[in-house]
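With TSV, C-alpha atoms and all ligand atoms inside, this is coords02.tsv:
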```
chain	number	residue	atom	x	y	z
R	728	MET	CA	0.00	0.00	0.00
R	729	ALA	CA	2.77	2.40	1.06
R	730	GLU	CA	4.56	1.47	-2.19
R	731	LYS	CA	1.47	2.42	-4.19
R	732	ILE	CA	1.16	5.80	-2.48
R	733	LYS	CA	4.81	6.59	-3.18
R	734	ASN	CA	4.52	5.66	-6.84
R	735	ARG	CA	1.33	7.64	-7.21
R	736	SER	CA	3.10	10.68	-5.82
R	737	LEU	CA	5.86	10.43	-8.44
R	738	SER	CA	3.45	9.94	-11.31
R	739	LYS	CA	1.43	12.94	-10.23
R	740	ALA	CA	4.58	15.06	-10.10
R	741	ARG	CA	5.33	14.04	-13.65
R	742	ASP	CA	1.80	14.52	-14.88
R	743	ALA	CA	1.52	17.97	-13.45
R	744	LYS	CA	5.03	18.67	-14.79
R	745	GLN	CA	6.12	19.63	-11.33
R	746	ASP	CA	9.75	19.54	-12.25
R	747	GLU	CA	11.13	21.84	-9.60
R	748	PHE	CA	12.46	19.33	-7.06
R	749	TYR	CA	15.76	20.61	-5.67
R	750	THR	CA	18.37	18.10	-4.60
R	751	GLN	CA	19.94	18.48	-1.19
R	752	LEU	CA	23.66	19.09	-0.84
R	753	GLY	CA	23.97	16.07	1.49
R	754	ASP	CA	22.44	13.71	-1.07
R	755	ILE	CA	24.79	15.03	-3.74
R	756	SER	CA	27.97	14.75	-1.66
R	757	ASN	CA	26.99	11.32	-0.31
R	758	GLU	CA	26.55	10.00	-3.83
R	759	LEU	CA	29.49	11.76	-5.41
R	760	LYS	CA	31.98	10.31	-2.96
R	761	HIS	CA	31.61	6.96	-4.76
R	762	TYR	CA	33.00	8.32	-8.04
R	763	ARG	CA	35.76	10.68	-6.92
R	764	SER	CA	38.61	9.13	-8.86
R	765	GLN	CA	36.57	9.24	-12.07
R	766	LEU	CA	36.04	13.00	-11.80
R	767	ARG	CA	39.71	14.03	-11.72
R	768	GLY	CA	40.75	16.10	-14.75
R	769	LYS	CA	37.21	16.03	-16.14
R	770	THR	CA	34.78	18.65	-17.46
R	771	ILE	CA	31.54	18.37	-15.53
R	772	LEU	CA	28.25	19.70	-16.89
R	773	CYS	CA	25.19	20.32	-14.72
R	774	ASN	CA	22.63	21.25	-17.37
R	775	CYS	CA	19.37	21.56	-15.42
R	776	ASP	CA	20.82	23.76	-12.73
R	777	ASP	CA	20.45	27.44	-12.12
R	778	PRO	CA	24.00	28.21	-10.96
R	779	PHE	CA	22.61	30.60	-8.40
R	780	GLU	CA	20.29	28.07	-6.86
R	781	SER	CA	21.54	24.55	-7.48
R	782	ASN	CA	23.34	22.50	-4.90
R	783	PHE	CA	25.04	20.66	-7.77
R	784	PHE	CA	26.76	23.92	-8.66
R	785	LYS	CA	27.53	24.56	-5.01
R	786	TYR	CA	29.02	21.09	-4.54
R	787	PHE	CA	31.25	21.20	-7.60
R	788	ALA	CA	32.33	24.82	-7.16
R	789	LEU	CA	33.26	24.28	-3.51
R	790	ASN	CA	35.07	21.01	-4.25
R	791	PHE	CA	36.52	22.08	-7.60
R	792	ASN	CA	40.15	21.95	-6.45
R	793	GLU	CA	39.82	18.96	-4.18
R	794	LEU	CA	38.19	16.90	-6.93
R	795	GLY	CA	40.80	18.12	-9.40
R	796	LEU	CA	38.19	19.14	-11.97
R	797	LYS	CA	39.28	20.58	-15.30
R	798	LYS	CA	36.13	22.63	-15.86
R	799	LEU	CA	32.64	23.09	-14.45
R	800	ILE	CA	29.79	24.18	-16.71
R	801	VAL	CA	26.38	24.89	-15.23
R	802	THR	CA	23.28	26.06	-17.12
R	803	SER	CA	19.85	27.26	-16.05
R	804	TYR	CA	16.60	26.89	-17.92
R	805	THR	CA	14.48	29.64	-19.33
R	806	LYS	CA	11.15	28.45	-17.97
R	807	SER	CA	12.37	27.58	-14.52
R	808	SER	CA	10.22	29.33	-11.96
R	809	ILE	CA	13.26	29.69	-9.78
R	810	VAL	CA	15.77	31.29	-12.11
R	811	GLY	CA	17.17	33.88	-9.77
R	812	ALA	CA	14.08	33.72	-7.61
R	813	HIS	CA	13.54	31.17	-4.93
R	814	LEU	CA	16.44	29.37	-3.38
R	815	PRO	CA	19.42	31.67	-3.67
R	816	LEU	CA	22.83	30.31	-2.80
R	817	PHE	CA	24.23	33.79	-3.36
R	818	ASP	CA	22.76	37.22	-3.20
R	819	ILE	CA	24.97	39.03	-5.65
R	820	GLU	CA	23.73	42.46	-6.54
R	821	GLY	CA	23.89	43.13	-10.26
R	822	LEU	CA	25.05	39.63	-11.17
R	823	LYS	CA	22.05	37.56	-10.37
R	824	PRO	CA	19.92	37.21	-13.51
R	825	GLU	CA	17.22	39.81	-13.82
R	826	GLY	CA	13.88	38.24	-14.57
R	827	ARG	CA	14.09	34.87	-16.29
R	828	GLU	CA	17.19	35.06	-18.41
R	829	PRO	CA	18.92	31.66	-18.50
R	830	TYR	CA	22.67	31.56	-17.89
R	831	ALA	CA	25.67	29.37	-18.46
R	832	ILE	CA	28.57	29.58	-16.05
R	833	GLU	CA	31.93	28.09	-16.92
R	834	ILE	CA	34.60	27.79	-14.30
R	835	ASN	CA	38.18	26.73	-14.99
R	836	GLN	CA	39.60	27.45	-11.56
R	837	VAL	CA	38.42	28.48	-8.12
R	838	PRO	CA	41.22	30.44	-6.41
R	839	ASP	CA	41.28	30.80	-2.65
R	840	GLN	CA	40.67	34.57	-2.86
R	841	ASN	CA	40.33	35.22	0.84
R	842	GLY	CA	43.44	33.17	1.54
R	843	ASP	CA	41.95	31.17	4.36
R	844	GLY	CA	43.30	27.91	2.97
R	845	ALA	CA	39.90	26.54	1.97
R	846	ILE	CA	37.38	27.15	-0.79
R	847	ASP	CA	34.12	28.50	0.52
R	848	LEU	CA	31.11	30.25	-0.92
R	849	SER	CA	32.78	33.65	-0.58
R	850	ASP	CA	35.58	32.48	-2.92
R	851	VAL	CA	33.00	31.29	-5.45
R	852	GLU	CA	31.06	34.53	-5.04
R	853	TYR	CA	34.25	36.53	-5.61
R	854	LEU	CA	34.96	34.58	-8.78
R	855	LEU	CA	31.46	35.13	-10.17
R	856	LYS	CA	31.61	38.84	-9.35
R	857	ASN	CA	35.07	39.52	-10.68
R	858	ASP	CA	35.63	37.19	-13.60
R	859	ALA	CA	33.38	38.35	-16.40
R	860	ASN	CA	34.35	35.32	-18.46
R	861	THR	CA	32.59	32.93	-16.16
R	862	SER	CA	28.99	33.75	-17.11
R	863	ARG	CA	27.04	34.34	-20.31
R	864	PRO	CA	23.39	34.32	-21.31
R	865	LEU	CA	21.84	31.39	-23.17
R	866	LYS	CA	19.65	32.40	-26.07
R	867	GLY	CA	18.09	29.15	-27.26
R	868	ASP	CA	17.10	28.50	-30.85
R	869	ALA	CA	14.03	28.22	-33.08
R	870	ALA	CA	13.02	24.91	-31.52
R	871	TYR	CA	14.02	25.28	-27.87
R	872	GLY	CA	14.31	28.08	-25.34
R	873	GLY	CA	17.52	29.22	-23.68
R	874	GLY	CA	19.02	26.62	-21.36
R	875	ASP	CA	16.82	23.82	-22.69
R	876	PHE	CA	19.07	20.75	-22.68
R	877	ARG	CA	17.76	20.00	-26.19
R	878	SER	CA	18.77	23.40	-27.64
R	879	ALA	CA	21.74	23.51	-30.03
R	880	GLU	CA	23.96	25.54	-27.68
R	881	CYS	CA	23.27	23.17	-24.76
R	882	ILE	CA	23.92	20.11	-26.93
R	883	LYS	CA	27.25	21.72	-27.83
R	884	LEU	CA	28.04	22.04	-24.12
R	885	MET	CA	27.04	18.42	-23.60
R	886	LYS	CA	29.43	17.33	-26.32
R	887	LYS	CA	32.20	19.35	-24.70
R	888	ALA	CA	31.62	17.81	-21.26
R	889	ASP	CA	33.07	14.52	-20.04
R	890	ILE	CA	30.41	13.80	-17.42
R	891	ILE	CA	26.88	15.15	-17.05
R	892	ILE	CA	25.68	15.24	-13.45
R	893	THR	CA	22.30	16.60	-12.45
R	894	ASN	CA	18.72	15.96	-11.40
R	895	PRO	CA	16.85	16.47	-14.69
R	896	PRO	CA	13.13	17.30	-14.93
R	897	PHE	CA	11.02	14.22	-14.14
R	898	SER	CA	8.71	14.95	-17.05
R	899	LEU	CA	11.59	14.80	-19.56
R	900	PHE	CA	13.60	11.99	-18.01
R	901	ARG	CA	13.34	9.66	-21.01
R	902	GLU	CA	14.35	12.36	-23.47
R	903	PHE	CA	17.20	13.44	-21.24
R	904	LEU	CA	18.57	9.92	-20.94
R	905	ALA	CA	18.13	9.27	-24.65
R	906	GLN	CA	20.23	12.35	-25.42
R	907	LEU	CA	23.01	11.20	-23.08
R	908	ILE	CA	23.07	7.79	-24.73
R	909	LEU	CA	22.96	9.24	-28.24
R	910	LEU	CA	25.94	11.46	-27.46
R	911	ASP	CA	27.70	8.55	-25.74
R	912	LYS	CA	28.27	10.49	-22.52
R	913	LYS	CA	29.21	9.46	-19.03
R	914	PHE	CA	26.55	10.58	-16.56
R	915	LEU	CA	25.12	10.46	-13.07
R	916	ILE	CA	21.52	11.63	-12.79
R	917	VAL	CA	18.67	11.50	-10.29
R	918	GLY	CA	15.48	9.76	-11.37
R	919	SER	CA	12.67	7.55	-10.19
R	920	GLN	CA	12.85	3.77	-9.99
R	921	ASN	CA	9.65	3.78	-12.06
R	922	ALA	CA	11.86	4.51	-15.06
R	923	ILE	CA	13.35	1.01	-14.77
R	924	SER	CA	10.12	-0.36	-16.22
R	925	TYR	CA	10.30	1.81	-19.35
R	926	ALA	CA	11.25	-0.59	-22.15
R	927	GLU	CA	14.05	1.60	-23.51
R	928	VAL	CA	15.54	2.19	-20.04
R	929	PHE	CA	15.38	-1.48	-19.14
R	930	LYS	CA	17.12	-2.40	-22.36
R	931	LEU	CA	20.05	-0.21	-21.38
R	932	ILE	CA	20.16	-1.80	-17.91
R	933	GLN	CA	20.04	-5.28	-19.38
R	934	GLY	CA	22.84	-4.39	-21.78
R	935	ASN	CA	24.98	-3.06	-18.88
R	936	ARG	CA	24.99	0.42	-20.39
R	937	LEU	CA	23.11	1.89	-17.42
R	938	TRP	CA	22.84	0.92	-13.76
R	939	LEU	CA	21.77	2.27	-10.40
R	940	GLY	CA	24.12	4.43	-8.39
R	941	ASN	CA	24.74	4.01	-4.71
R	942	LYS	CA	21.61	5.44	-3.12
R	943	SER	CA	18.08	4.30	-3.94
R	944	GLY	CA	14.88	4.89	-1.99
R	945	ASP	CA	13.83	7.84	0.12
R	946	MET	CA	15.03	11.27	-0.93
R	947	ALA	CA	13.70	14.66	0.15
R	948	PHE	CA	13.70	17.67	-2.16
R	949	GLN	CA	12.99	21.32	-1.50
R	950	VAL	CA	10.19	22.61	-3.74
R	951	PRO	CA	9.19	26.16	-4.70
R	952	ASP	CA	6.85	28.21	-2.51
R	953	HIS	CA	4.00	27.98	-5.01
R	954	TYR	CA	3.82	24.17	-4.83
R	955	GLU	CA	0.60	23.06	-3.18
R	956	ALA	CA	0.39	21.25	0.14
R	957	ARG	CA	-0.11	17.47	0.01
R	958	GLU	CA	-1.41	14.94	2.44
R	959	THR	CA	1.65	12.73	2.24
R	960	ARG	CA	5.35	13.21	1.67
R	961	TYR	CA	5.10	16.98	2.09
R	962	TRP	CA	6.12	19.33	4.89
R	963	VAL	CA	7.14	22.88	5.68
R	964	ASP	CA	10.30	23.30	7.74
R	965	GLY	CA	11.04	25.77	10.52
R	966	ASP	CA	12.23	28.36	7.97
R	967	GLY	CA	8.98	28.11	6.02
R	968	LYS	CA	10.62	26.15	3.18
R	969	LYS	CA	8.47	23.57	1.44
R	970	TRP	CA	9.65	19.98	1.04
R	971	ARG	CA	8.48	16.90	-0.80
R	972	SER	CA	9.93	13.43	-0.62
R	973	LEU	CA	9.93	10.48	-2.98
R	974	GLY	CA	10.19	6.91	-1.75
R	975	ASN	CA	11.55	5.48	-4.97
R	976	ALA	CA	14.15	8.00	-6.03
R	977	CYS	CA	17.50	6.74	-7.26
R	978	TRP	CA	20.63	7.70	-9.14
R	979	PHE	CA	21.14	6.35	-12.65
R	980	THR	CA	24.67	6.19	-13.99
R	981	ASN	CA	27.17	4.58	-16.31
R	982	LEU	CA	30.09	5.43	-14.03
R	983	ASP	CA	31.60	2.47	-12.29
R	984	LEU	CA	31.14	2.11	-8.54
R	985	ALA	CA	32.39	-0.35	-5.95
R	986	LYS	CA	28.90	-1.55	-5.03
R	987	ARG	CA	28.50	-3.00	-8.50
R	988	HIS	CA	31.33	-5.42	-7.80
R	989	GLU	CA	30.21	-6.56	-4.36
R	990	GLU	CA	28.96	-10.13	-4.24
R	991	MET	CA	25.50	-10.47	-2.71
R	992	ALA	CA	25.55	-13.01	0.12
R	993	LEU	CA	22.91	-15.72	-0.48
R	994	PHE	CA	21.63	-17.83	2.41
R	995	LYS	CA	18.40	-19.51	1.31
R	996	LYS	CA	17.93	-23.01	-0.12
R	997	TYR	CA	15.61	-23.67	-3.03
R	998	SER	CA	12.42	-25.71	-2.61
R	999	SER	CA	9.51	-25.90	-5.05
R	1000	GLU	CA	7.10	-25.00	-2.22
R	1001	ALA	CA	8.92	-21.86	-1.18
R	1002	TYR	CA	9.65	-20.76	-4.76
R	1003	PRO	CA	6.65	-21.49	-7.02
R	1004	THR	CA	6.97	-21.28	-10.80
R	1005	TYR	CA	4.98	-18.63	-12.69
R	1006	VAL	CA	1.95	-19.72	-14.70
R	1007	ASN	CA	2.90	-17.70	-17.76
R	1008	TYR	CA	6.70	-17.81	-17.76
R	1009	ASP	CA	9.25	-20.47	-16.91
R	1010	ALA	CA	10.95	-18.97	-13.86
R	1011	ILE	CA	10.54	-19.19	-10.10
R	1012	GLU	CA	9.12	-16.37	-7.99
R	1013	VAL	CA	11.52	-14.81	-5.48
R	1014	GLY	CA	9.41	-12.22	-3.66
R	1015	LYS	CA	12.28	-10.63	-1.73
R	1016	VAL	CA	15.78	-9.93	-2.98
R	1017	SER	CA	17.23	-11.28	0.28
R	1018	ASP	CA	15.49	-14.62	-0.46
R	1019	ILE	CA	17.39	-15.40	-3.68
R	1020	PRO	CA	18.33	-19.08	-3.23
R	1021	GLU	CA	22.03	-19.91	-3.37
R	1022	ASP	CA	21.48	-23.31	-5.00
R	1023	TYR	CA	19.15	-22.51	-7.90
R	1024	GLU	CA	20.70	-22.25	-11.35
R	1025	GLY	CA	17.61	-21.47	-13.43
R	1026	ALA	CA	15.64	-18.29	-14.16
R	1027	MET	CA	14.29	-16.35	-11.16
R	1028	GLY	CA	11.86	-13.42	-11.02
R	1029	VAL	CA	12.93	-10.78	-8.47
R	1030	PRO	CA	11.55	-7.33	-7.52
R	1031	ILE	CA	13.12	-4.36	-9.29
R	1032	THR	CA	14.85	-3.38	-6.03
R	1033	PHE	CA	17.30	-6.14	-7.01
R	1034	LEU	CA	19.02	-3.60	-9.23
R	1035	ALA	CA	20.31	-1.72	-6.19
R	1036	LYS	CA	22.43	-4.80	-5.45
R	1037	TYR	CA	23.08	-6.02	-8.96
R	1038	ASN	CA	26.60	-7.29	-9.61
R	1039	PRO	CA	26.94	-8.24	-13.30
R	1040	ASP	CA	29.68	-10.74	-12.45
R	1041	GLN	CA	27.32	-12.62	-10.14
R	1042	PHE	CA	24.04	-12.50	-12.11
R	1043	GLU	CA	22.87	-12.02	-15.66
R	1044	ILE	CA	19.64	-10.22	-16.46
R	1045	ILE	CA	17.46	-12.23	-18.81
R	1046	GLY	CA	14.62	-9.73	-19.14
R	1047	ALA	CA	11.62	-8.20	-17.42
R	1048	SER	CA	8.09	-9.42	-16.78
R	1049	HIS	CA	6.59	-6.63	-18.89
R	1050	ALA	CA	8.21	-8.20	-21.96
R	1051	LEU	CA	8.43	-11.88	-20.99
R	1052	GLY	CA	5.03	-12.67	-19.47
R	1053	SER	CA	2.89	-14.61	-21.98
R	1054	PRO	CA	-0.78	-13.57	-22.23
R	1055	MET	CA	-2.79	-15.23	-19.44
R	1056	HIS	CA	-5.66	-16.21	-21.74
R	1057	GLN	CA	-3.36	-18.94	-23.02
R	1058	PHE	CA	-3.29	-20.53	-19.54
R	1059	ALA	CA	-6.49	-19.69	-17.70
R	1060	LYS	CA	-10.18	-18.95	-18.17
R	1061	ARG	CA	-11.39	-15.36	-18.24
R	1062	ASN	CA	-12.28	-13.88	-14.85
R	1063	THR	CA	-9.89	-16.19	-13.01
R	1064	TYR	CA	-7.12	-13.60	-13.06
R	1065	THR	CA	-6.87	-9.85	-12.71
R	1066	LYS	CA	-5.31	-8.03	-15.60
R	1067	ARG	CA	-2.66	-5.37	-15.34
R	1068	GLY	CA	-1.62	-3.20	-18.26
R	1069	GLY	CA	1.22	-4.83	-20.19
R	1070	GLY	CA	2.79	-8.20	-19.46
R	1071	SER	CA	3.04	-9.45	-15.87
R	1072	PHE	CA	3.80	-12.72	-14.15
R	1073	TYR	CA	1.05	-14.72	-12.42
R	1074	LEU	CA	0.96	-17.31	-9.63
R	1075	PRO	CA	-1.89	-19.69	-8.83
R	1076	ASN	CA	-3.90	-18.94	-5.67
R	1077	GLY	CA	-4.72	-22.64	-5.30
R	1078	ASP	CA	-8.47	-22.16	-5.82
R	1079	GLY	CA	-8.55	-21.90	-9.60
R	1080	THR	CA	-7.76	-18.16	-9.59
R	1081	TYR	CA	-4.44	-16.41	-10.24
R	1082	ARG	CA	-2.74	-13.40	-8.76
R	1083	CYS	CA	-0.77	-10.86	-10.70
R	1084	LEU	CA	2.64	-9.80	-9.37
R	1085	PHE	CA	4.37	-6.44	-9.41
R	1086	ASP	CA	7.04	-5.93	-12.06
R	1087	ARG	CA	9.74	-8.56	-11.90
R	1088	ILE	CA	13.23	-8.72	-13.34
R	1089	VAL	CA	14.29	-12.17	-14.51
R	1090	ILE	CA	17.82	-13.08	-13.52
R	1091	ARG	CA	20.05	-16.14	-13.48
R	1092	LYS	CA	23.17	-16.82	-11.48
R	1093	LYS	CA	26.33	-16.76	-13.55
R	1094	ALA	CA	28.38	-19.93	-13.50
R	1095	ALA	CA	31.00	-19.89	-10.74
R	1096	ARG	CA	34.20	-18.31	-11.99
Q	1101	LIG	C1	14.11	18.15	-10.71
Q	1101	LIG	S1	14.62	19.83	-10.93
Q	1101	LIG	C2	16.23	19.75	-10.31
Q	1101	LIG	C3	16.94	21.05	-10.28
Q	1101	LIG	C4	18.42	20.87	-9.91
Q	1101	LIG	N1	19.08	20.05	-10.92
Q	1101	LIG	C5	18.54	20.22	-8.57
Q	1101	LIG	O1	18.81	19.04	-8.52
Q	1101	LIG	O2	18.33	20.89	-7.56
Q	1101	LIG	C6	14.81	19.88	-12.69
Q	1101	LIG	C7	15.17	21.26	-13.24
Q	1101	LIG	O3	15.21	21.18	-14.66
Q	1101	LIG	C8	14.66	22.37	-15.20
Q	1101	LIG	N2	14.16	22.05	-16.55
Q	1101	LIG	C9	12.90	21.75	-16.94
Q	1101	LIG	N3	12.84	21.53	-18.26
Q	1101	LIG	C10	14.12	21.69	-18.71
Q	1101	LIG	C11	14.71	21.61	-20.01
Q	1101	LIG	N4	13.97	21.31	-21.08
Q	1101	LIG	N5	16.04	21.84	-20.12
Q	1101	LIG	C12	16.79	22.13	-19.04
Q	1101	LIG	N6	16.28	22.24	-17.79
Q	1101	LIG	C13	14.96	22.02	-17.64
Q	1101	LIG	C14	13.56	22.73	-14.25
Q	1101	LIG	O4	13.24	24.08	-14.34
Q	1101	LIG	C15	14.15	22.33	-12.91
Q	1101	LIG	O5	14.80	23.41	-12.29
```
Would you write out, as structure tokens, the structure that this file holds?
Ligand SMILES: C[S@@+](CC[C@H](N)C(=O)[O-])C[C@H]1O[C@@H](n2cnc3c(N)ncnc32)[C@H](O)[C@@H]1O
Amino acid sequence: MAEKIKNRSLSKARDAKQDEFYTQLGDISNELKHYRSQLRGKTILCNCDDPFESNFFKYFALNFNELGLKKLIVTSYTKSSIVGAHLPLFDIEGLKPEGREPYAIEINQVPDQNGDGAIDLSDVEYLLKNDANTSRPLKGDAAYGGGDFRSAECIKLMKKADIIITNPPFSLFREFLAQLILLDKKFLIVGSQNAISYAEVFKLIQGNRLWLGNKSGDMAFQVPDHYEARETRYWVDGDGKKWRSLGNACWFTNLDLAKRHEEMALFKKYSSEAYPTYVNYDAIEVGKVSDIPEDYEGAMGVPITFLAKYNPDQFEIIGASHALGSPMHQFAKRNTYTKRGGGSFYLPNGDGTYRCLFDRIVIRKKAAR
């Protein structure tokens, strides 16, 4: 039930195109620490990020020297309700964009201007104020507005970057990912685990061209003042700031991380009673990832949360229930099973009826190396 409520909340955000969910600095630094060595000497692009508001900008600008970055490029989006409006990191008179003009900021170095031995926001502020080369407006083109990741000038920036790191708009997640893949880019982006079920996203996961980052699950995001109150997963903090949380947020990436090479410890033994076979696909049902049997060599259906622990050296992904489940009318009489949209796996209830399962990923253990 709780799962359903969470998923509903994400879908509604997408439907209403409520794309202004701001990632917390703690979530960014906790995730980024898993990729540090891969960032050294690289050009990082945050292309859905008002430089004056985004914690992605803040994180990379403050850690520019420590991470050994070559360049940081950050762009804001023309239609963002927050461009220079809601969540200021800096209050820089005369520099902050007037109105809604989108910006690109390019940083090649962050000197310790105040000489205190560390980079802090005042050093970044100094740089933005005093180095005119760092910022420029984005104009857009005939098809897309300024700062739109699909506009020609932003695509050019994407091509120039080594790694794209951001939380893109939920409503354009598929398009955003497709563009990254088309341009063959390295990336680390926030999304919803719902995306795993999109056929094109799953294909990338199955082909080991995309995987989950370190953190999956609950994540809280600040939202603009105009966002409406909700019954669940919404609150206002002591400073009057509005927050929303998602229960199935995750990071998607094609950067390597240690977790992907950790072997999952398996404790359970297979039995046909504990692990029934689906009616409409030849695999056993494993309802919980922690219940994957250590002694079963065949195909197993597991919840999509498996991907948070997926080690491609330990398991291979055969497919997903949405594509593999054969139509139930081939196996059972009408009205003996409930139908979900798309393919799903079914188990017998024992009384002539069948129950439909949530999305499953079909995996198989790889032969011992
Ligand atoms: C989920 S929010 C995240 C903002 C920021 N990356 C962060 O994590 O705090 C997505 C941002 O993308 C912006 N956006 C929406 N459509 C866009 C587009 N077509 N191109 C670039 N940015 C866009 C939104 O205005 C919004 O600020």
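You can rank R:Ala870, R:Val1016, R:Ile923, R:Ile834 by their closest distance to Asp858 (chain R) using only C-alpha atoms, and at the top of that list sits R:Ile834.
Note that CA of Arg901 (chain R) and CA of Pro778 (chain R) are 23.6 Å apart.
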Requested in this report: Let me have all residues with an atom within 9 Å of ligand LIG 1101 (chain Q), counting all atoms listed in the file, laid out as JSON, numbers by chain.
Outcome: {"R": [744, 745, 746, 747, 748, 749, 750, 751, 752, 755, 773, 774, 775, 776, 777, 780, 781, 782, 783, 784, 802, 803, 804, 805, 806, 807, 808, 809, 810, 871, 872, 873, 874, 875, 876, 877, 878, 881, 892, 893, 894, 895, 896, 897, 898, 899, 903, 916, 917, 918, 948, 949, 950]}
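The protein and nucleic acid residues lying at most 10 Å from Phe1033 (chain R) are R:Lys1015, R:Val1016, R:Ser1017, R:Ile1019, R:Gly1028, R:Val1029, R:Tyr1037, R:Asn1038, R:Arg1087, R:Ile1088, R:Ile1090, with only C-alpha atoms considered and sequence neighbours fewer than 4 positions away removed.
Here CA of Arg767 (chain R) and CA of Leu789 (chain R) stand 14.6 Å from one another.
Across R:Gly940, R:Ala788, R:Thr980, R:Tyr1005, the tightest approach to Ser849 (chain R) is made by R:Ala788 when counting all atoms listed in the file.
Between CA of Gly1070 (chain R) and CA of Ser972 (chain R) the separation is 29.6 Å.
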Query raised in the report: Pick the closest to Tyr1064 (chain R) from R:Thr1032, R:Asn757, R:Ser998, R:Asn1007: which is it, counting only C-alpha atoms?
Result: R:Asn1007
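Checking R:Trp970, R:Phe979, R:Tyr762, R:Phe791 one by one against Asn935 (chain R), counting only C-alpha atoms, you find the shortest gap at R:Phe979.
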**Report entry** All residues 8 Å or closer to Tyr1023 (chain R), only C-alpha atoms, same chain fewer than 5 positions away omitted, as a PyMOL selection string
**Finding:** chain R and resi 996-997+1092
May I have the residues within 12 Å of Ala1035 (chain R) as a PDB file with C-alpha atoms, in the frame of the given file, using only C-alpha atoms and disregarding those fewer than 3 positions away in the same chain?
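Done, and the output landed in selection-v9.pdb:
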```pdb
ATOM      1  CA  GLN R 920      12.850   3.770  -9.990  1.00  0.00           C
ATOM      2  CA  ILE R 923      13.350   1.010 -14.770  1.00  0.00           C
ATOM      3  CA  ILE R 932      20.160  -1.800 -17.910  1.00  0.00           C
ATOM      4  CA  TRP R 938      22.840   0.920 -13.760  1.00  0.00           C
ATOM      5  CA  LEU R 939      21.770   2.270 -10.400  1.00  0.00           C
ATOM      6  CA  GLY R 940      24.120   4.430  -8.390  1.00  0.00           C
ATOM      7  CA  ASN R 941      24.740   4.010  -4.710  1.00  0.00           C
ATOM      8  CA  LYS R 942      21.610   5.440  -3.120  1.00  0.00           C
ATOM      9  CA  SER R 943      18.080   4.300  -3.940  1.00  0.00           C
ATOM     10  CA  GLY R 944      14.880   4.890  -1.990  1.00  0.00           C
ATOM     11  CA  ASN R 975      11.550   5.480  -4.970  1.00  0.00           C
ATOM     12  CA  ALA R 976      14.150   8.000  -6.030  1.00  0.00           C
ATOM     13  CA  CYS R 977      17.500   6.740  -7.260  1.00  0.00           C
ATOM     14  CA  TRP R 978      20.630   7.700  -9.140  1.00  0.00           C
ATOM     15  CA  PHE R 979      21.140   6.350 -12.650  1.00  0.00           C
ATOM     16  CA  THR R 980      24.670   6.190 -13.990  1.00  0.00           C
ATOM     17  CA  LEU R 984      31.140   2.110  -8.540  1.00  0.00           C
ATOM     18  CA  LYS R 986      28.900  -1.550  -5.030  1.00  0.00           C
ATOM     19  CA  ARG R 987      28.500  -3.000  -8.500  1.00  0.00           C
ATOM     20  CA  HIS R 988      31.330  -5.420  -7.800  1.00  0.00           C
ATOM     21  CA  GLU R 989      30.210  -6.560  -4.360  1.00  0.00           C
ATOM     22  CA  MET R 991      25.500 -10.470  -2.710  1.00  0.00           C
ATOM     23  CA  VAL R1016      15.780  -9.930  -2.980  1.00  0.00           C
ATOM     24  CA  SER R1017      17.230 -11.280   0.280  1.00  0.00           C
ATOM     25  CA  VAL R1029      12.930 -10.780  -8.470  1.00  0.00           C
ATOM     26  CA  PRO R1030      11.550  -7.330  -7.520  1.00  0.00           C
ATOM     27  CA  ILE R1031      13.120  -4.360  -9.290  1.00  0.00           C
ATOM     28  CA  THR R1032      14.850  -3.380  -6.030  1.00  0.00           C
ATOM     29  CA  ASN R1038      26.600  -7.290  -9.610  1.00  0.00           C
ATOM     30  CA  PRO R1039      26.940  -8.240 -13.300  1.00  0.00           C
TER      31      PRO R1039
END
```
If you count all atoms listed in the file, which residues fall within 8 Å of Asp850 (chain R), apart from same-chain ones fewer than 2 positions away, as an mmCIF file with C-alpha atoms, in the coordinates of the input?
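In the end it all went to selection.cif:
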```cif
data_model
loop_
_atom_site.group_PDB
_atom_site.id
_atom_site.type_symbol
_atom_site.label_atom_id
_atom_site.label_comp_id
_atom_site.auth_asym_id
_atom_site.auth_seq_id
_atom_site.Cartn_x
_atom_site.Cartn_y
_atom_site.Cartn_z
ATOM 1 C CA VAL R 837 38.420 28.480 -8.120
ATOM 2 C CA PRO R 838 41.220 30.440 -6.410
ATOM 3 C CA ASP R 839 41.280 30.800 -2.650
ATOM 4 C CA GLN R 840 40.670 34.570 -2.860
ATOM 5 C CA ASN R 841 40.330 35.220 0.840
ATOM 6 C CA ILE R 846 37.380 27.150 -0.790
ATOM 7 C CA ASP R 847 34.120 28.500 0.520
ATOM 8 C CA LEU R 848 31.110 30.250 -0.920
ATOM 9 C CA GLU R 852 31.060 34.530 -5.040
ATOM 10 C CA TYR R 853 34.250 36.530 -5.610
ATOM 11 C CA LEU R 854 34.960 34.580 -8.780
#
```
Query raised in the report: Contacts of Ser999 (chain R) at 9 Å or less, counting all atoms listed in the file, minus same-chain residues fewer than 4 places along, as a ChimeraX atom specification?
Result: /R:1003-1004,1011
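Distances to Lys769 (chain R) were evaluated for R:Ala1095, R:Leu993, R:Ile890, R:Leu855 using all atoms listed in the file, and the minimum falls at R:Ile890.
You can rank R:His953, R:His1049, R:Lys930, R:Lys798 by their closest distance to Asp889 (chain R) using all atoms listed in the file, and at the top of that list sits R:Lys798.
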